[in-house]
>>> print(open('input37.txt').read())   # compact mmCIF, C-alpha atoms
# COMPACT_ATOMS: atom_id res chain seq x y z
CA MET O 459 0.00 0.00 0.00
CA ASN O 460 1.27 3.43 -0.90
CA ARG O 461 1.68 5.81 2.06
CA ALA O 462 2.67 9.44 2.01
CA LYS O 463 6.08 10.10 3.51
CA ILE O 464 6.04 13.43 5.30
CA THR O 465 9.37 15.07 6.13
CA VAL O 466 9.37 17.85 8.73
CA GLU O 467 12.82 19.17 9.60
CA PRO O 468 13.22 21.08 12.85
CA ASN O 469 13.72 24.83 12.58
CA GLN O 470 12.80 24.90 8.92
CA LEU O 471 10.03 26.87 7.26
CA SER O 472 8.96 24.00 5.05
CA PHE O 473 7.77 20.45 4.86
CA LYS O 474 7.87 17.90 2.10
CA VAL O 475 5.46 15.14 1.15
CA GLU O 476 6.33 12.21 -1.12
CA ARG O 477 3.75 9.75 -2.43
CA THR O 478 3.56 7.23 -5.28
CA PHE O 479 0.36 6.69 -7.27
CA ASN O 480 -0.31 3.64 -9.45
CA ALA O 481 -1.48 5.74 -12.40
CA PRO O 482 0.16 7.64 -15.24
CA ARG O 483 1.15 11.26 -14.68
CA ASP O 484 -1.49 12.75 -16.98
CA LYS O 485 -4.26 11.05 -14.97
CA VAL O 486 -2.86 12.29 -11.66
CA PHE O 487 -2.54 15.79 -13.12
CA LEU O 488 -6.17 15.75 -14.33
CA ALA O 489 -7.37 14.56 -10.91
CA MET O 490 -5.64 17.60 -9.39
CA THR O 491 -6.97 20.19 -11.83
CA GLU O 492 -10.55 19.13 -12.62
CA LYS O 493 -13.39 20.22 -10.35
CA ASP O 494 -15.41 16.97 -10.43
CA LYS O 495 -12.41 14.77 -9.69
CA LEU O 496 -11.10 17.06 -6.94
CA GLU O 497 -14.42 17.02 -5.12
CA ARG O 498 -14.22 13.21 -5.02
CA TRP O 499 -10.80 12.99 -3.35
CA TRP O 500 -10.05 16.33 -1.54
CA VAL O 501 -12.08 14.99 1.39
CA GLY O 502 -11.28 13.73 4.86
CA PRO O 503 -12.70 11.68 7.68
CA GLY O 504 -16.04 13.41 8.31
CA TYR O 505 -15.98 16.14 5.71
CA THR O 506 -16.56 16.78 2.03
CA THR O 507 -15.22 19.49 -0.25
CA ARG O 508 -16.99 21.87 -2.61
CA VAL O 509 -14.82 23.40 -5.32
CA GLU O 510 -16.15 26.95 -5.59
CA HIS O 511 -13.59 28.09 -8.13
CA LEU O 512 -10.83 26.32 -10.04
CA ASP O 513 -9.14 28.22 -12.82
CA ALA O 514 -6.08 26.00 -13.30
CA ARG O 515 -3.83 28.34 -15.30
CA GLU O 516 -1.16 30.88 -14.36
CA GLY O 517 -2.74 33.64 -12.29
CA GLY O 518 -5.97 31.66 -11.89
CA LEU O 519 -7.87 31.52 -8.60
CA TRP O 520 -8.73 28.32 -6.75
CA ARG O 521 -11.16 28.27 -3.79
CA PHE O 522 -12.32 25.14 -1.97
CA ILE O 523 -14.78 24.84 0.92
CA GLN O 524 -14.53 21.88 3.32
CA THR O 525 -17.85 21.06 4.97
CA GLY O 526 -18.22 18.92 8.07
CA ASP O 527 -20.95 18.45 10.63
CA GLY O 528 -21.94 22.05 11.38
CA TRP O 529 -18.73 23.67 10.18
CA GLU O 530 -17.14 25.02 7.00
CA HIS O 531 -13.52 25.90 6.25
CA GLY O 532 -12.49 27.89 3.19
CA PHE O 533 -9.11 27.84 1.46
CA HIS O 534 -7.93 29.76 -1.57
CA GLY O 535 -4.89 30.71 -3.58
CA TYR O 536 -3.57 31.56 -7.03
CA PHE O 537 -1.66 29.44 -9.52
CA HIS O 538 1.83 30.66 -10.42
CA MET O 539 2.51 27.77 -12.81
CA VAL O 540 0.44 24.83 -14.08
CA SER O 541 1.84 21.95 -16.12
CA PRO O 542 1.62 18.13 -15.85
CA GLU O 543 5.19 18.15 -14.49
CA MET O 544 4.78 20.93 -11.93
CA ILE O 545 2.08 22.98 -10.22
CA ILE O 546 3.11 26.01 -8.14
CA GLN O 547 0.43 27.84 -6.20
CA THR O 548 -0.25 29.96 -3.15
CA PHE O 549 -2.44 28.63 -0.33
CA GLU O 550 -4.28 30.50 2.43
CA TYR O 551 -6.72 29.26 5.07
CA ASP O 552 -9.59 31.74 5.22
CA GLY O 553 -10.54 31.03 8.83
CA LEU O 554 -7.77 32.96 10.60
CA ASP O 555 -8.33 36.26 12.41
CA GLU O 556 -5.93 38.10 10.11
CA ARG O 557 -4.86 37.66 6.53
CA GLY O 558 -1.30 37.13 5.34
CA HIS O 559 -0.51 33.60 6.56
CA VAL O 560 0.18 32.37 3.06
CA THR O 561 1.99 29.22 1.95
CA LEU O 562 3.81 28.57 -1.33
CA GLN O 563 3.30 25.02 -2.62
CA LYS O 564 5.23 23.25 -5.36
CA ILE O 565 3.82 19.92 -6.53
CA GLU O 566 6.08 17.92 -8.82
CA LEU O 567 4.71 14.92 -10.70
CA MET O 568 7.35 12.50 -11.97
CA ASP O 569 6.74 9.62 -14.40
CA ILE O 570 8.64 6.75 -12.73
CA GLY O 571 7.71 4.09 -15.29
CA ASP O 572 5.32 1.08 -15.08
CA GLY O 573 2.40 3.53 -15.31
CA LYS O 574 3.29 4.99 -11.90
CA THR O 575 3.72 8.59 -10.79
CA LYS O 576 5.72 9.99 -7.90
CA LEU O 577 4.39 13.15 -6.31
CA ILE O 578 6.80 15.40 -4.41
CA SER O 579 5.11 18.33 -2.71
CA THR O 580 7.10 21.11 -1.03
CA SER O 581 5.34 23.71 1.11
CA VAL O 582 7.14 26.79 2.44
CA PHE O 583 5.75 29.17 5.04
CA LEU O 584 6.38 32.79 5.95
CA SER O 585 7.04 31.86 9.60
CA ALA O 586 7.76 28.81 11.75
CA GLU O 587 4.44 29.46 13.57
CA ASP O 588 2.57 29.19 10.27
CA ARG O 589 4.27 25.91 9.46
CA ASP O 590 3.65 24.42 12.90
CA GLY O 591 0.01 25.54 12.71
CA MET O 592 -0.41 23.55 9.49
CA ILE O 593 1.42 20.49 10.87
CA HIS O 594 -0.74 20.45 14.00
CA SER O 595 -4.03 21.00 12.15
CA GLY O 596 -4.47 17.28 11.54
CA MET O 597 -2.83 17.68 8.16
CA GLU O 598 -1.14 14.28 8.11
CA GLU O 599 -4.32 12.31 8.87
CA GLY O 600 -6.22 14.34 6.27
CA LEU O 601 -3.50 13.84 3.70
CA GLN O 602 -3.28 10.06 4.11
CA TYR O 603 -7.07 9.85 3.88
CA SER O 604 -7.45 12.04 0.79
CA TYR O 605 -4.55 10.39 -1.05
CA SER O 606 -6.13 6.97 -0.48
CA LYS O 607 -9.37 8.39 -1.97
CA LEU O 608 -7.31 9.64 -4.89
CA ASP O 609 -5.94 6.09 -5.32
CA GLU O 610 -9.55 4.85 -5.54
CA ILE O 611 -10.69 7.29 -8.18
CA LEU O 612 -7.52 6.80 -10.25
CA MET O 613 -8.21 3.04 -10.18
CA GLN O 614 -11.93 3.48 -11.02
CA ASP O 615 -11.14 5.75 -13.96
CA THR O 616 -8.51 3.31 -15.24
CA CYS O 617 -10.95 0.36 -14.99
CA GLN O 618 -13.72 2.27 -16.81
CA GLU O 619 -11.40 2.80 -19.75
CA GLU O 620 -10.32 -0.83 -20.07
CA MET J 775 20.34 58.19 6.34
CA ASN J 776 17.96 55.26 6.13
CA ARG J 777 19.62 51.94 5.26
CA ALA J 778 17.97 48.59 4.64
CA LYS J 779 18.69 46.04 7.34
CA ILE J 780 18.95 42.60 5.76
CA THR J 781 18.69 39.55 8.04
CA VAL J 782 19.88 36.23 6.66
CA GLU J 783 19.76 33.39 9.17
CA PRO J 784 21.89 30.31 8.46
CA ASN J 785 20.03 27.16 7.41
CA GLN J 786 16.79 29.01 6.83
CA LEU J 787 14.80 29.24 3.63
CA SER J 788 14.07 32.93 4.05
CA PHE J 789 15.49 36.37 4.46
CA LYS J 790 14.04 39.54 5.85
CA VAL J 791 14.56 43.18 4.90
CA GLU J 792 13.61 46.15 7.09
CA ARG J 793 13.72 49.74 5.86
CA THR J 794 12.19 53.04 7.00
CA PHE J 795 10.94 55.62 4.48
CA ASN J 796 10.27 59.28 5.32
CA ALA J 797 6.86 59.28 3.65
CA PRO J 798 3.33 58.25 4.59
CA ARG J 799 2.26 54.67 3.91
CA ASP J 800 -0.16 55.50 1.09
CA LYS J 801 2.63 57.18 -0.86
CA VAL J 802 4.99 54.22 -0.39
CA PHE J 803 2.20 51.85 -1.44
CA LEU J 804 1.50 53.88 -4.61
CA ALA J 805 5.21 53.92 -5.47
CA MET J 806 5.16 50.11 -5.30
CA THR J 807 2.04 49.56 -7.37
CA GLU J 808 2.14 52.23 -10.11
CA LYS J 809 4.04 51.57 -13.35
CA ASP J 810 5.52 55.06 -13.83
CA LYS J 811 6.77 55.32 -10.26
CA LEU J 812 8.20 51.78 -10.23
CA GLU J 813 10.20 52.41 -13.38
CA ARG J 814 11.84 55.38 -11.64
CA TRP J 815 13.08 53.45 -8.59
CA TRP J 816 13.26 49.68 -9.43
CA VAL J 817 16.70 50.41 -10.96
CA GLY J 818 20.27 49.65 -9.98
CA PRO J 819 23.82 50.74 -10.67
CA GLY J 820 24.02 50.44 -14.47
CA TYR J 821 20.54 49.26 -15.31
CA THR J 822 17.01 50.52 -15.82
CA THR J 823 13.68 48.71 -15.53
CA ARG J 824 10.76 48.48 -17.93
CA VAL J 825 7.43 47.49 -16.36
CA GLU J 826 5.86 45.26 -19.04
CA HIS J 827 2.84 44.33 -16.98
CA LEU J 828 1.53 45.43 -13.58
CA ASP J 829 -1.94 44.35 -12.60
CA ALA J 830 -1.79 45.11 -8.87
CA ARG J 831 -4.79 43.11 -7.65
CA GLU J 832 -5.27 39.57 -6.36
CA GLY J 833 -4.36 37.11 -9.11
CA GLY J 834 -2.85 39.89 -11.24
CA LEU J 835 0.39 39.41 -13.17
CA TRP J 836 3.49 41.59 -12.79
CA ARG J 837 6.43 41.38 -15.21
CA PHE J 838 9.48 43.64 -15.12
CA ILE J 839 12.50 43.70 -17.46
CA GLN J 840 15.86 45.00 -16.20
CA THR J 841 18.03 46.34 -19.00
CA GLY J 842 21.76 46.95 -18.70
CA ASP J 843 24.56 47.40 -21.20
CA GLY J 844 23.88 44.58 -23.65
CA TRP J 845 21.77 42.42 -21.32
CA GLU J 846 18.18 42.00 -20.17
CA HIS J 847 16.77 40.10 -17.20
CA GLY J 848 13.06 39.35 -16.83
CA PHE J 849 11.15 38.73 -13.60
CA HIS J 850 7.50 37.93 -13.08
CA GLY J 851 4.96 36.76 -10.56
CA TYR J 852 1.34 36.94 -9.42
CA PHE J 853 -0.25 38.92 -6.60
CA HIS J 854 -1.93 36.88 -3.88
CA MET J 855 -2.96 39.93 -1.87
CA VAL J 856 -2.71 43.69 -2.43
CA SER J 857 -3.51 46.30 0.22
CA PRO J 858 -1.68 49.39 1.59
CA GLU J 859 -0.83 47.32 4.69
CA MET J 860 0.40 44.19 2.94
CA ILE J 861 1.38 42.93 -0.48
CA ILE J 862 1.91 39.18 -0.99
CA GLN J 863 3.20 37.98 -4.33
CA THR J 864 5.16 35.27 -6.09
CA PHE J 865 8.50 36.09 -7.75
CA GLU J 866 10.43 34.19 -10.42
CA TYR J 867 13.59 35.09 -12.32
CA ASP J 868 13.01 34.19 -15.97
CA GLY J 869 16.68 33.67 -16.85
CA LEU J 870 17.17 30.22 -15.29
CA ASP J 871 17.53 27.01 -17.32
CA GLU J 872 14.43 25.49 -15.72
CA ARG J 873 11.25 26.89 -14.27
CA GLY J 874 10.01 26.36 -10.72
CA HIS J 875 12.49 28.39 -8.64
CA VAL J 876 9.75 30.55 -7.21
CA THR J 877 9.85 32.84 -4.16
CA LEU J 878 6.96 33.98 -1.97
CA GLN J 879 7.30 37.59 -0.85
CA LYS J 880 5.35 39.38 1.86
CA ILE J 881 5.81 43.16 2.06
CA GLU J 882 4.32 44.80 5.14
CA LEU J 883 4.00 48.60 5.28
CA MET J 884 3.57 50.00 8.79
CA ASP J 885 2.61 53.58 9.63
CA ILE J 886 5.10 54.45 12.40
CA GLY J 887 3.96 58.06 12.89
CA ASP J 888 5.63 61.39 11.96
CA GLY J 889 4.73 60.69 8.31
CA LYS J 890 7.12 57.73 8.23
CA THR J 891 6.60 54.18 7.04
CA LYS J 892 8.44 51.02 8.01
CA LEU J 893 8.72 48.32 5.37
CA ILE J 894 9.27 44.72 6.46
CA SER J 895 9.77 42.33 3.57
CA THR J 896 9.94 38.56 4.09
CA SER J 897 11.00 36.28 1.23
CA VAL J 898 10.75 32.48 1.48
CA PHE J 899 12.27 30.05 -1.01
CA LEU J 900 11.54 26.47 -2.02
CA SER J 901 15.16 25.44 -1.34
CA ALA J 902 18.29 26.73 0.41
CA GLU J 903 20.01 26.81 -3.03
CA ASP J 904 17.35 29.16 -4.34
CA ARG J 905 17.78 31.47 -1.37
CA ASP J 906 21.57 31.51 -1.61
CA GLY J 907 21.32 32.16 -5.35
CA MET J 908 19.27 35.29 -4.63
CA ILE J 909 21.58 36.46 -1.81
CA HIS J 910 24.67 36.07 -4.01
CA SER J 911 23.11 37.74 -7.07
CA GLY J 912 24.16 41.20 -5.87
CA MET J 913 20.75 41.60 -4.27
CA GLU J 914 21.91 43.70 -1.30
CA GLU J 915 23.73 46.27 -3.43
CA GLY J 916 20.77 46.49 -5.80
CA LEU J 917 18.34 46.84 -2.90
CA GLN J 918 20.24 49.65 -1.16
CA TYR J 919 20.52 51.48 -4.49
CA SER J 920 16.88 51.13 -5.47
CA TYR J 921 15.56 52.06 -2.02
CA SER J 922 17.66 55.24 -2.09
CA LYS J 923 16.07 56.02 -5.49
CA LEU J 924 12.68 55.38 -3.89
CA ASP J 925 13.62 57.90 -1.15
CA GLU J 926 14.30 60.46 -3.89
CA ILE J 927 11.01 60.04 -5.72
CA LEU J 928 9.02 60.01 -2.47
CA MET J 929 10.71 63.31 -1.55
CA GLN J 930 10.14 64.82 -5.01
CA ASP J 931 6.47 63.86 -4.99
CA THR J 932 6.05 65.34 -1.51
CA CYS J 933 7.75 68.61 -2.55
CA GLN J 934 5.58 68.93 -5.69
CA GLU J 935 2.47 68.78 -3.55
CA GLU J 936 3.59 71.41 -1.08
>>> encode(input="input37.txt", output="structure tokens")
Amino acid sequence: MNRAKITVEPNQLSFKVERTFNAPRDKVFLAMTEKDKLERWWVGPGYTTRVEHLDAREGGLWRFIQTGDGWEHGFHGYFHMVSPEMIIQTFEYDGLDERGHVTLQKIELMDIGDGKTKLISTSVFLSAEDRDGMIHSGMEEGLQYSYSKLDEILMQDTCQEE
Amino acid sequence: MNRAKITVEPNQLSFKVERTFNAPRDKVFLAMTEKDKLERWWVGPGYTTRVEHLDAREGGLWRFIQTGDGWEHGFHGYFHMVSPEMIIQTFEYDGLDERGHVTLQKIELMDIGDGKTKLISTSVFLSAEDRDGMIHSGMEEGLQYSYSKLDEILMQDTCQEE
């Protein structure tokens, strides 16, 4: 079973996530940039996601709303670069008391042969407090859950085509 | 004389710049978001700057071209947030062999009274190599030069109004 490897170095402003998917790069890229697919996997234990806006091109806005039992959390950002090899975007959680706690995310998708894709995601923060806030938000549990959902939809889509 | 204080901590992915300007915040903000003003101060010893694009709103593109004696360097990015208190944007140097070496910049403008403004700029990088590349690009010399030009145009604009 594929698990995400999360690397958090002390006293750094970043963290890195590595994960292998059993699907070709173009399929993983589509699952990350199409509204319908994103809503199926950007979910967690006890919440769903509504993609309010997804303009996956340079300068385009993305805005997702997570909805749980009696709560909603909004997130948004802008794409700096969008290609099947690399997505670079900003990320901000809308629920904080003040604005400005913005993250820069680089998502690399590498074709590693055998129809598999390795994802390497690097997130950098403007302060150590911002990074620790993200780490302690339940991010790892959410990430493992949503990536396993992504596995499912990649497999379903592959089976439908065969 | 106001000098920029540049803080570079070892083993970090960021650096910080602090600088005081003898002008009210709204004037400093305008000088940072208007094409004509930017072209007068975003210059260095031996080069000028042409603002090709400046759409100073969330999601808007900026693209500047530095021109020296026989060379040109392009830079571009997208605004994540634009207000007189805070500008957050991405930054990429277009002259590298590969794309993806992107910086996230937060520029805070604080009204510190007496018609003065304190600028605190935080830049975070996706890797230590990216940060060191920026530090060793002659950034500090260029920054001190361009901020002293900004002093001049802030003073000129203030005098014209009086």
>>> closest_atom_pairs(input="input37.txt", of="chain O", to="chain J", cutoff="8 Å", atoms="all atoms listed in the file", output="Markdown table")
| residue | atom | partner | partner_atom | distance |
| --- | --- | --- | --- | --- |
| O:Asn469 | CA | J:Gln786 | CA | 7.7 |
| O:Gln470 | CA | J:Gln786 | CA | 6.1 |
| O:Leu471 | CA | J:Leu787 | CA | 6.4 |
| O:Ser472 | CA | J:Leu900 | CA | 7.9 |
| O:Gly517 | CA | J:Gly833 | CA | 5.0 |
| O:Gly518 | CA | J:Gly833 | CA | 6.3 |
| O:Leu519 | CA | J:Gly833 | CA | 6.6 |
| O:Gly535 | CA | J:His854 | CA | 6.8 |
| O:Tyr536 | CA | J:Gly833 | CA | 6.0 |
| O:His538 | CA | J:Tyr852 | CA | 6.4 |
| O:Met539 | CA | J:Gly874 | CA | 7.9 |
| O:Met544 | CA | J:Gly874 | CA | 7.6 |
| O:Ile546 | CA | J:Gly874 | CA | 7.4 |
| O:Thr548 | CA | J:His854 | CA | 7.2 |
| O:Gly558 | CA | J:Ile862 | CA | 7.4 |
| O:Thr561 | CA | J:Leu878 | CA | 7.9 |
| O:Leu562 | CA | J:Leu878 | CA | 6.3 |
| O:Lys564 | CA | J:Gly874 | CA | 7.8 |
| O:Thr580 | CA | J:Leu900 | CA | 7.0 |
| O:Ser581 | CA | J:Leu900 | CA | 7.5 |
| O:Val582 | CA | J:Leu900 | CA | 6.3 |
| O:Phe583 | CA | J:Val898 | CA | 7.0 |
| O:Leu584 | CA | J:Val898 | CA | 6.3 |
>>> atom_distance(input="input37.txt", atom1="atom CA of Asp552 of chain O", atom2="atom CA of Arg831 of chain J")
17.8 Å
>>> residues_around(input="input37.txt", residues="Lys474 of chain O", least_positions_apart="2", cutoff="6 Å", atoms="all atoms listed in the file", output="ChimeraX atom specification")
/O:464-465,579-580
>>> atom_distance(input="input37.txt", atom1="atom CA of Lys892 of chain J", atom2="atom CA of Thr794 of chain J")
4.4 Å
>>> axis_aligned_box(input="input37.txt", around="segment 511-523 of chain O", padding_each_side="8 Å", output="JSON")
{"center_x": -8.0, "center_y": 29.2, "center_z": -7.2, "size_x": 29.6, "size_y": 24.8, "size_z": 32.2}
>>> residues_around(input="input37.txt", residues="Leu928 of chain J", least_positions_apart="3", cutoff="12 Å", atoms="all atoms listed in the file", output="list in words")
Phe795, Asn796, Ala797, Pro798, Arg799, Asp800, Lys801, Val802, Phe803, Leu804, Ala805, Met806, Lys811, Leu812, Arg814, Trp815, Gly889, Lys890, Thr891, Tyr921, Ser922, Lys923, Leu924, Asp925, Asp931, Thr932, Cys933, Gln934 and Glu935 of chain J
>>> closest_residue(input="input37.txt", among="O:Arg477, O:Arg589, O:Arg508, O:His531", to="Ala462 of chain O", atoms="only C-alpha atoms")
O:Arg477
>>> atom_distance(input="input37.txt", atom1="atom CA of Gly532 of chain O", atom2="atom CA of Tyr505 of chain O")
12.5 Å
>>> closest_residue(input="input37.txt", among="O:Asp555, O:Asp572, O:Glu497, O:Glu543", to="Ser604 of chain O", atoms="all atoms listed in the file")
O:Glu497
>>> residues_around(input="input37.txt", residues="Gln524 of chain O", least_positions_apart="6", cutoff="6 Å", atoms="all atoms listed in the file", output="ChimeraX atom specification")
/O:506-507,530-531
>>> closest_residue(input="input37.txt", among="O:Glu556, O:Val475, O:His594, O:Gly571", to="Lys463 of chain O", atoms="all atoms listed in the file")
O:Val475
>>> build_atoms(input="input37.txt", residues="segment 789-805 of chain J", atoms="N, CA, C and O atoms", output="mmCIF file, in the frame of the given file")
data_model
loop_
_atom_site.group_PDB
_atom_site.id
_atom_site.type_symbol
_atom_site.label_atom_id
_atom_site.label_comp_id
_atom_site.auth_asym_id
_atom_site.auth_seq_id
_atom_site.Cartn_x
_atom_site.Cartn_y
_atom_site.Cartn_z
ATOM 1 N N PHE J 789 14.778 35.219 3.901
ATOM 2 C CA PHE J 789 15.490 36.370 4.460
ATOM 3 C C PHE J 789 14.499 37.510 4.647
ATOM 4 O O PHE J 789 13.408 37.514 4.071
ATOM 5 N N LYS J 790 14.912 38.434 5.466
ATOM 6 C CA LYS J 790 14.040 39.540 5.850
ATOM 7 C C LYS J 790 14.753 40.864 5.584
ATOM 8 O O LYS J 790 15.962 40.964 5.799
ATOM 9 N N VAL J 791 14.005 41.848 5.131
ATOM 10 C CA VAL J 791 14.560 43.180 4.900
ATOM 11 C C VAL J 791 13.694 44.186 5.656
ATOM 12 O O VAL J 791 12.462 44.116 5.580
ATOM 13 N N GLU J 792 14.340 45.072 6.406
ATOM 14 C CA GLU J 792 13.610 46.150 7.090
ATOM 15 C C GLU J 792 14.164 47.489 6.637
ATOM 16 O O GLU J 792 15.388 47.670 6.555
ATOM 17 N N ARG J 793 13.265 48.442 6.370
ATOM 18 C CA ARG J 793 13.720 49.740 5.860
ATOM 19 C C ARG J 793 12.669 50.784 6.245
ATOM 20 O O ARG J 793 11.460 50.521 6.118
ATOM 21 N N THR J 794 13.111 51.944 6.698
ATOM 22 C CA THR J 794 12.190 53.040 7.000
ATOM 23 C C THR J 794 12.221 54.072 5.870
ATOM 24 O O THR J 794 13.291 54.370 5.333
ATOM 25 N N PHE J 795 11.045 54.561 5.487
ATOM 26 C CA PHE J 795 10.940 55.620 4.480
ATOM 27 C C PHE J 795 10.287 56.846 5.114
ATOM 28 O O PHE J 795 9.333 56.711 5.889
ATOM 29 N N ASN J 796 10.797 58.028 4.759
ATOM 30 C CA ASN J 796 10.270 59.280 5.320
ATOM 31 C C ASN J 796 9.083 59.766 4.502
ATOM 32 O O ASN J 796 9.088 60.879 3.961
ATOM 33 N N ALA J 797 8.068 58.938 4.413
ATOM 34 C CA ALA J 797 6.860 59.280 3.650
ATOM 35 C C ALA J 797 5.706 58.464 4.206
ATOM 36 O O ALA J 797 5.915 57.371 4.752
ATOM 37 N N PRO J 798 4.491 58.979 4.081
ATOM 38 C CA PRO J 798 3.330 58.250 4.590
ATOM 39 C C PRO J 798 3.102 56.937 3.822
ATOM 40 O O PRO J 798 3.498 56.819 2.662
ATOM 41 N N ARG J 799 2.441 56.007 4.490
ATOM 42 C CA ARG J 799 2.260 54.670 3.910
ATOM 43 C C ARG J 799 1.582 54.692 2.549
ATOM 44 O O ARG J 799 1.980 53.951 1.649
ATOM 45 N N ASP J 800 0.549 55.516 2.373
ATOM 46 C CA ASP J 800 -0.160 55.500 1.090
ATOM 47 C C ASP J 800 0.764 55.870 -0.065
ATOM 48 O O ASP J 800 0.635 55.344 -1.172
ATOM 49 N N LYS J 801 1.690 56.779 0.195
ATOM 50 C CA LYS J 801 2.630 57.180 -0.860
ATOM 51 C C LYS J 801 3.607 56.046 -1.197
ATOM 52 O O LYS J 801 3.945 55.817 -2.356
ATOM 53 N N VAL J 802 4.078 55.343 -0.153
ATOM 54 C CA VAL J 802 4.990 54.220 -0.390
ATOM 55 C C VAL J 802 4.252 53.121 -1.167
ATOM 56 O O VAL J 802 4.778 52.555 -2.141
ATOM 57 N N PHE J 803 3.012 52.882 -0.755
ATOM 58 C CA PHE J 803 2.200 51.850 -1.440
ATOM 59 C C PHE J 803 2.010 52.209 -2.922
ATOM 60 O O PHE J 803 2.177 51.355 -3.808
ATOM 61 N N LEU J 804 1.686 53.475 -3.203
ATOM 62 C CA LEU J 804 1.500 53.880 -4.610
ATOM 63 C C LEU J 804 2.793 53.698 -5.403
ATOM 64 O O LEU J 804 2.773 53.242 -6.551
ATOM 65 N N ALA J 805 3.930 54.043 -4.774
ATOM 66 C CA ALA J 805 5.210 53.920 -5.470
ATOM 67 C C ALA J 805 5.521 52.463 -5.804
ATOM 68 O O ALA J 805 6.306 52.183 -6.715
#
